[in-house]
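Structure data (PDB, C-alpha atoms, pLDDT in the B column) from coords.pdb:
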```pdb
ATOM      1  CA  MET A   1     -11.990  -2.503  -0.715  1.00 75.00           C
ATOM      2  CA  ASP A   2     -13.016  -1.566  -4.234  1.00 87.00           C
ATOM      3  CA  PRO A   3      -9.881  -0.328  -6.095  1.00 90.00           C
ATOM      4  CA  GLY A   4     -12.147   1.881  -8.201  1.00 91.00           C
ATOM      5  CA  ARG A   5     -12.919   3.979  -5.123  1.00 91.00           C
ATOM      6  CA  LEU A   6      -9.362   4.781  -4.023  1.00 91.00           C
ATOM      7  CA  GLU A   7      -9.722   8.355  -5.287  1.00 91.00           C
ATOM      8  CA  LYS A   8     -12.494   8.917  -2.741  1.00 89.00           C
ATOM      9  CA  TRP A   9     -10.210   8.627   0.266  1.00 84.00           C
ATOM     10  CA  VAL A  10      -6.507   7.940  -0.464  1.00 87.00           C
ATOM     11  CA  THR A  11      -4.779  11.332  -0.570  1.00 88.00           C
ATOM     12  CA  ILE A  12      -1.710  10.284  -2.598  1.00 88.00           C
ATOM     13  CA  HIS A  13      -3.793   8.335  -5.153  1.00 92.00           C
ATOM     14  CA  ARG A  14      -3.895   9.920  -8.609  1.00 95.00           C
ATOM     15  CA  ARG A  15      -5.459   7.207 -10.732  1.00 96.00           C
ATOM     16  CA  LEU A  16      -6.039   3.517 -11.145  1.00 97.00           C
ATOM     17  CA  LEU A  17      -4.096   2.492 -14.234  1.00 98.00           C
ATOM     18  CA  ARG A  18      -5.231  -1.140 -14.418  1.00 98.00           C
ATOM     19  CA  ALA A  19      -6.929  -3.716 -12.232  1.00 97.00           C
ATOM     20  CA  ASP A  20      -7.887  -7.352 -12.528  1.00 98.00           C
ATOM     21  CA  ASP A  21     -11.566  -8.150 -12.823  1.00 96.00           C
ATOM     22  CA  PRO A  22     -13.450  -8.471  -9.522  1.00 93.00           C
ATOM     23  CA  PRO A  23     -13.908 -10.081  -7.107  1.00 93.00           C
ATOM     24  CA  LEU A  24     -10.899  -9.408  -4.902  1.00 94.00           C
ATOM     25  CA  ARG A  25      -8.891 -12.550  -4.207  1.00 95.00           C
ATOM     26  CA  VAL A  26      -5.347 -13.527  -3.316  1.00 97.00           C
ATOM     27  CA  GLY A  27      -3.240 -12.796  -6.403  1.00 98.00           C
ATOM     28  CA  PHE A  28      -5.461  -9.892  -7.558  1.00 98.00           C
ATOM     29  CA  GLN A  29      -3.272  -7.169  -9.105  1.00 98.00           C
ATOM     30  CA  MET A  30      -3.683  -3.477  -9.813  1.00 98.00           C
ATOM     31  CA  ASP A  31      -1.431  -0.713 -11.066  1.00 98.00           C
ATOM     32  CA  GLN A  32      -1.833   2.619  -9.321  1.00 97.00           C
ATOM     33  CA  GLN A  33      -0.365   6.045  -9.952  1.00 96.00           C
ATOM     34  CA  ILE A  34       0.458   7.863  -6.702  1.00 90.00           C
ATOM     35  CA  HIS A  35       1.823  11.348  -6.061  1.00 88.00           C
ATOM     36  CA  VAL A  36       4.656  11.760  -3.535  1.00 79.00           C
ATOM     37  CA  ARG A  37       6.683  14.945  -3.023  1.00 75.00           C
ATOM     38  CA  GLY A  38       5.657  16.425  -6.355  1.00 83.00           C
ATOM     39  CA  VAL A  39       6.388  13.275  -8.361  1.00 85.00           C
ATOM     40  CA  ASN A  40       3.947  10.803  -9.906  1.00 90.00           C
ATOM     41  CA  LEU A  41       5.002   7.194  -9.360  1.00 89.00           C
ATOM     42  CA  GLN A  42       3.548   3.922 -10.572  1.00 93.00           C
ATOM     43  CA  VAL A  43       3.080   1.049  -8.121  1.00 94.00           C
ATOM     44  CA  ARG A  44       1.993  -2.508  -8.939  1.00 97.00           C
ATOM     45  CA  TRP A  45       0.007  -3.961  -6.041  1.00 97.00           C
ATOM     46  CA  THR A  46      -0.687  -7.659  -5.449  1.00 98.00           C
ATOM     47  CA  LEU A  47      -3.255  -8.834  -2.924  1.00 98.00           C
ATOM     48  CA  VAL A  48      -1.398 -11.355  -0.749  1.00 98.00           C
ATOM     49  CA  ASP A  49      -4.038 -11.959   1.945  1.00 97.00           C
ATOM     50  CA  CYS A  50      -7.749 -11.363   1.644  1.00 96.00           C
ATOM     51  CA  CYS A  51     -10.849 -11.988   3.669  1.00 94.00           C
ATOM     52  CA  ALA A  52     -13.162  -9.465   1.987  1.00 88.00           C
ATOM     53  CA  PRO A  53     -14.616  -7.257   3.233  1.00 87.00           C
ATOM     54  CA  GLU A  54     -12.924  -7.588   6.630  1.00 92.00           C
ATOM     55  CA  ARG A  55      -9.220  -7.645   5.743  1.00 95.00           C
ATOM     56  CA  ALA A  56      -6.837  -7.078   2.855  1.00 95.00           C
ATOM     57  CA  VAL A  57      -3.032  -7.103   2.709  1.00 97.00           C
ATOM     58  CA  TRP A  58      -1.392  -5.636  -0.389  1.00 97.00           C
ATOM     59  CA  GLU A  59       2.267  -5.847  -1.411  1.00 97.00           C
ATOM     60  CA  GLY A  60       3.502  -3.165  -3.780  1.00 96.00           C
ATOM     61  CA  ARG A  61       6.472  -2.796  -6.088  1.00 95.00           C
ATOM     62  CA  GLY A  62       7.485   0.681  -7.194  1.00 90.00           C
ATOM     63  CA  PRO A  63      10.315   2.368  -9.048  1.00 87.00           C
ATOM     64  CA  ALA A  64      13.929   1.370  -8.398  1.00 81.00           C
ATOM     65  CA  ARG A  65      12.856  -1.836  -6.643  1.00 83.00           C
ATOM     66  CA  SER A  66      11.104   0.016  -3.817  1.00 86.00           C
ATOM     67  CA  ARG A  67       8.582  -2.095  -1.912  1.00 89.00           C
ATOM     68  CA  ALA A  68       5.556  -1.437   0.266  1.00 90.00           C
ATOM     69  CA  GLN A  69       3.000  -3.414   2.211  1.00 94.00           C
ATOM     70  CA  THR A  70      -0.399  -2.057   3.211  1.00 92.00           C
ATOM     71  CA  GLU A  71      -3.018  -3.719   5.391  1.00 94.00           C
ATOM     72  CA  TYR A  72      -6.655  -2.680   5.875  1.00 90.00           C
ATOM     73  CA  ALA A  73      -8.873  -4.303   8.503  1.00 93.00           C
ATOM     74  CA  LEU A  74     -12.503  -3.628   9.422  1.00 90.00           C
ATOM     75  CA  LYS A  75     -13.931  -4.869  12.727  1.00 92.00           C
ATOM     76  CA  PRO A  76     -17.294  -4.290  14.411  1.00 91.00           C
ATOM     77  CA  GLU A  77     -16.872  -2.110  17.488  1.00 92.00           C
ATOM     78  CA  GLY A  78     -19.828  -1.036  19.572  1.00 91.00           C
ATOM     79  CA  ARG A  79     -22.404   0.439  17.207  1.00 88.00           C
ATOM     80  CA  GLY A  80     -19.788   1.235  14.575  1.00 87.00           C
ATOM     81  CA  THR A  81     -16.834  -0.165  12.727  1.00 87.00           C
ATOM     82  CA  ARG A  82     -13.158   0.088  13.588  1.00 90.00           C
ATOM     83  CA  PHE A  83     -10.772   0.681  10.675  1.00 86.00           C
ATOM     84  CA  ASP A  84      -7.156  -0.393  11.227  1.00 90.00           C
ATOM     85  CA  TYR A  85      -4.502   0.596   8.715  1.00 86.00           C
ATOM     86  CA  ARG A  86      -0.834  -0.331   8.469  1.00 89.00           C
ATOM     87  CA  ASN A  87       1.631   0.817   5.827  1.00 85.00           C
ATOM     88  CA  GLU A  88       5.290  -0.154   5.514  1.00 85.00           C
ATOM     89  CA  PHE A  89       7.653   1.287   2.912  1.00 80.00           C
ATOM     90  CA  HIS A  90      11.062  -0.137   2.046  1.00 76.00           C
ATOM     91  CA  ALA A  91      13.304   2.159   0.026  1.00 68.00           C
ATOM     92  CA  PRO A  92      15.670   0.720  -2.585  1.00 66.00           C
ATOM     93  CA  LEU A  93      19.406   0.459  -1.888  1.00 59.00           C
ATOM     94  CA  GLY A  94      19.105  -1.024   1.612  1.00 55.00           C
ATOM     95  CA  PRO A  95      20.350   1.083   4.564  1.00 53.00           C
ATOM     96  CA  LEU A  96      21.639   3.909   2.337  1.00 49.00           C
ATOM     97  CA  GLY A  97      18.245   4.160   0.621  1.00 53.00           C
ATOM     98  CA  ALA A  98      16.516   4.228   4.005  1.00 54.00           C
ATOM     99  CA  VAL A  99      18.650   7.195   5.148  1.00 48.00           C
ATOM    100  CA  VAL A 100      17.986   9.118   1.925  1.00 50.00           C
ATOM    101  CA  SER A 101      14.275   8.283   2.109  1.00 54.00           C
ATOM    102  CA  ARG A 102      13.999   9.559   5.701  1.00 53.00           C
ATOM    103  CA  ALA A 103      15.731  12.805   4.696  1.00 49.00           C
ATOM    104  CA  LEU A 104      13.403  13.357   1.733  1.00 52.00           C
ATOM    105  CA  VAL A 105      10.140  12.175   3.241  1.00 56.00           C
ATOM    106  CA  ARG A 106      10.489  13.245   6.907  1.00 56.00           C
ATOM    107  CA  GLY A 107       7.009  13.370   8.566  1.00 56.00           C
ATOM    108  CA  MET A 108       5.062  12.938   5.352  1.00 58.00           C
ATOM    109  CA  PRO A 109       3.803   9.353   5.925  1.00 62.00           C
ATOM    110  CA  GLU A 110       2.149  10.242   9.228  1.00 68.00           C
ATOM    111  CA  ARG A 111       0.595  13.430   7.804  1.00 72.00           C
ATOM    112  CA  GLU A 112      -0.710  11.594   4.727  1.00 69.00           C
ATOM    113  CA  ALA A 113      -2.064   8.699   6.802  1.00 67.00           C
ATOM    114  CA  THR A 114      -3.935  11.179   8.999  1.00 74.00           C
ATOM    115  CA  ARG A 115      -5.313  13.052   5.973  1.00 73.00           C
ATOM    116  CA  THR A 116      -6.317   9.782   4.300  1.00 70.00           C
ATOM    117  CA  LEU A 117      -8.165   8.586   7.409  1.00 71.00           C
ATOM    118  CA  GLU A 118      -9.946  11.952   7.657  1.00 79.00           C
ATOM    119  CA  ARG A 119     -11.022  11.650   4.008  1.00 76.00           C
ATOM    120  CA  LEU A 120     -12.193   8.068   4.580  1.00 73.00           C
ATOM    121  CA  ARG A 121     -14.248   9.137   7.603  1.00 75.00           C
ATOM    122  CA  ALA A 122     -15.859  11.996   5.636  1.00 80.00           C
ATOM    123  CA  TYR A 123     -16.580   9.687   2.696  1.00 77.00           C
ATOM    124  CA  LEU A 124     -18.185   7.042   4.925  1.00 72.00           C
ATOM    125  CA  GLU A 125     -20.211   9.598   6.887  1.00 77.00           C
ATOM    126  CA  LYS A 126     -21.461  11.133   3.633  1.00 79.00           C
ATOM    127  CA  SER A 127     -22.386   7.678   2.363  1.00 75.00           C
ATOM    128  CA  SER A 128     -24.003   6.536   5.638  1.00 68.00           C
ATOM    129  CA  SER A 129     -27.438   7.647   4.458  1.00 53.00           C
ATOM    130  CA  GLN A 130     -26.921   5.621   1.280  1.00 55.00           C
ATOM    131  CA  GLU A 131     -26.162   1.929   0.956  1.00 47.00           C
ATOM    132  CA  VAL A 132     -22.416   1.452   0.614  1.00 45.00           C
ATOM    133  CA  SER A 133     -21.326  -1.762  -1.037  1.00 43.00           C
ATOM    134  CA  VAL A 134     -17.981  -3.207  -0.084  1.00 44.00           C
ATOM    135  CA  ARG A 135     -16.337  -5.558  -2.562  1.00 40.00           C
TER     136      ARG A 135
END
```
Have the structure of the file written as structure tokens, please.
Amino acid sequence: MDPGRLEKWVTIHRRLLRADDPPLRVGFQMDQQIHVRGVNLQVRWTLVDCCAPERAVWEGRGPARSRAQTEYALKPEGRGTRFDYRNEFHAPLGPLGAVVSRALVRGMPEREATRTLERLRAYLEKSSSQEVSVR
């Protein structure tokens, strides 16, 4: 849950522009640059629910009043850990914006979520022989 490690596994992440000082807590904010369809965008994220390191819910505000909510949850499962991820995006301009967004984005969210989870798995497997701290 360390914002400084987003580049290790989030495929659309380009850079962390600013983040509050740790530890993570409700109200924690960070500004992130992401890359979507060839365009760099800036998103301000606010942590709205947090039970570190098990769960974090972020609400984001992007350009043109776009909004997003992302949830990460870690749970013990068998001899491993289950990672659940949810991402919702709300385009600006209400229903018209949603239609335009679907036309532009098409299957990209599912592809990027799959790629991000693959990168996270590779990162965690690579780090399994080392101690990984979660903040």
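Minimum atom-to-atom distances from A:Ala56, A:Arg44, A:Arg37, A:Lys126 to Arg25 of chain A were compared using all atoms listed in the file, and the lowest value belongs to A:Ala56.
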Padded axis-aligned box of segment 26-38 of chain A (4 Å per side), centre and edge lengths, Å, one decimal, as JSON:
```
{"center_x": 0.6, "center_y": 1.4, "center_z": -7.0, "size_x": 20.1, "size_y": 38.0, "size_z": 16.0}
```
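With distances taken from (-11.9, -5.6, 0.8) and restricted to only C-alpha atoms, the residues inside 7 Å are A:Met1, A:Asp2, A:Leu24, A:Ala52, A:Pro53, A:Glu54, A:Arg55, A:Ala56, A:Val134, A:Arg135.
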Just-selected residues, C-alpha atoms written as a PDB file, keeping the file's coordinate frame:
```pdb
ATOM      1  CA  MET A   1     -11.990  -2.503  -0.715  1.00 75.00           C
ATOM      2  CA  ASP A   2     -13.016  -1.566  -4.234  1.00 87.00           C
ATOM      3  CA  LEU A  24     -10.899  -9.408  -4.902  1.00 94.00           C
ATOM      4  CA  ALA A  52     -13.162  -9.465   1.987  1.00 88.00           C
ATOM      5  CA  PRO A  53     -14.616  -7.257   3.233  1.00 87.00           C
ATOM      6  CA  GLU A  54     -12.924  -7.588   6.630  1.00 92.00           C
ATOM      7  CA  ARG A  55      -9.220  -7.645   5.743  1.00 95.00           C
ATOM      8  CA  ALA A  56      -6.837  -7.078   2.855  1.00 95.00           C
ATOM      9  CA  VAL A 134     -17.981  -3.207  -0.084  1.00 44.00           C
ATOM     10  CA  ARG A 135     -16.337  -5.558  -2.562  1.00 40.00           C
TER      11      ARG A 135
END
```
Separation of atom CA of Phe83 of chain A from atom CA of Val26 of chain A in Å | 20.7 Å
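Residues within 7 Å of segment 6-14 of chain A, counting only C-alpha atoms and excluding same-chain residues fewer than 5 positions away, are Gln33, Ile34, His35, Val36, Glu112, Arg115, Thr116, Arg119, Leu120 and Tyr123 of chain A.
Across the model, the gap from atom CA of Arg18 of chain A to atom CA of Trp45 of chain A is 10.3 Å.
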Take the PyMOL selection byres ((chain A and resi 62) around 10), apply it to the structure above, and return the hits as a list in words.
-> Asp31, Gln32, Gln33, Leu41, Gln42, Val43, Arg44, Trp45, Gly60, Arg61, Pro63, Ala64, Arg65, Ser66, Arg67, Ala68, His90, Ala91 and Pro92 of chain A
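As for atom CA of Glu71 of chain A and atom CA of Arg5 of chain A, they are spaced 16.4 Å apart.
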Residue IDs satisfying the PyMOL selection byres ((chain A and resi 27) around 8), as number ranges by chain | A: 25-26, 28-29, 46-48
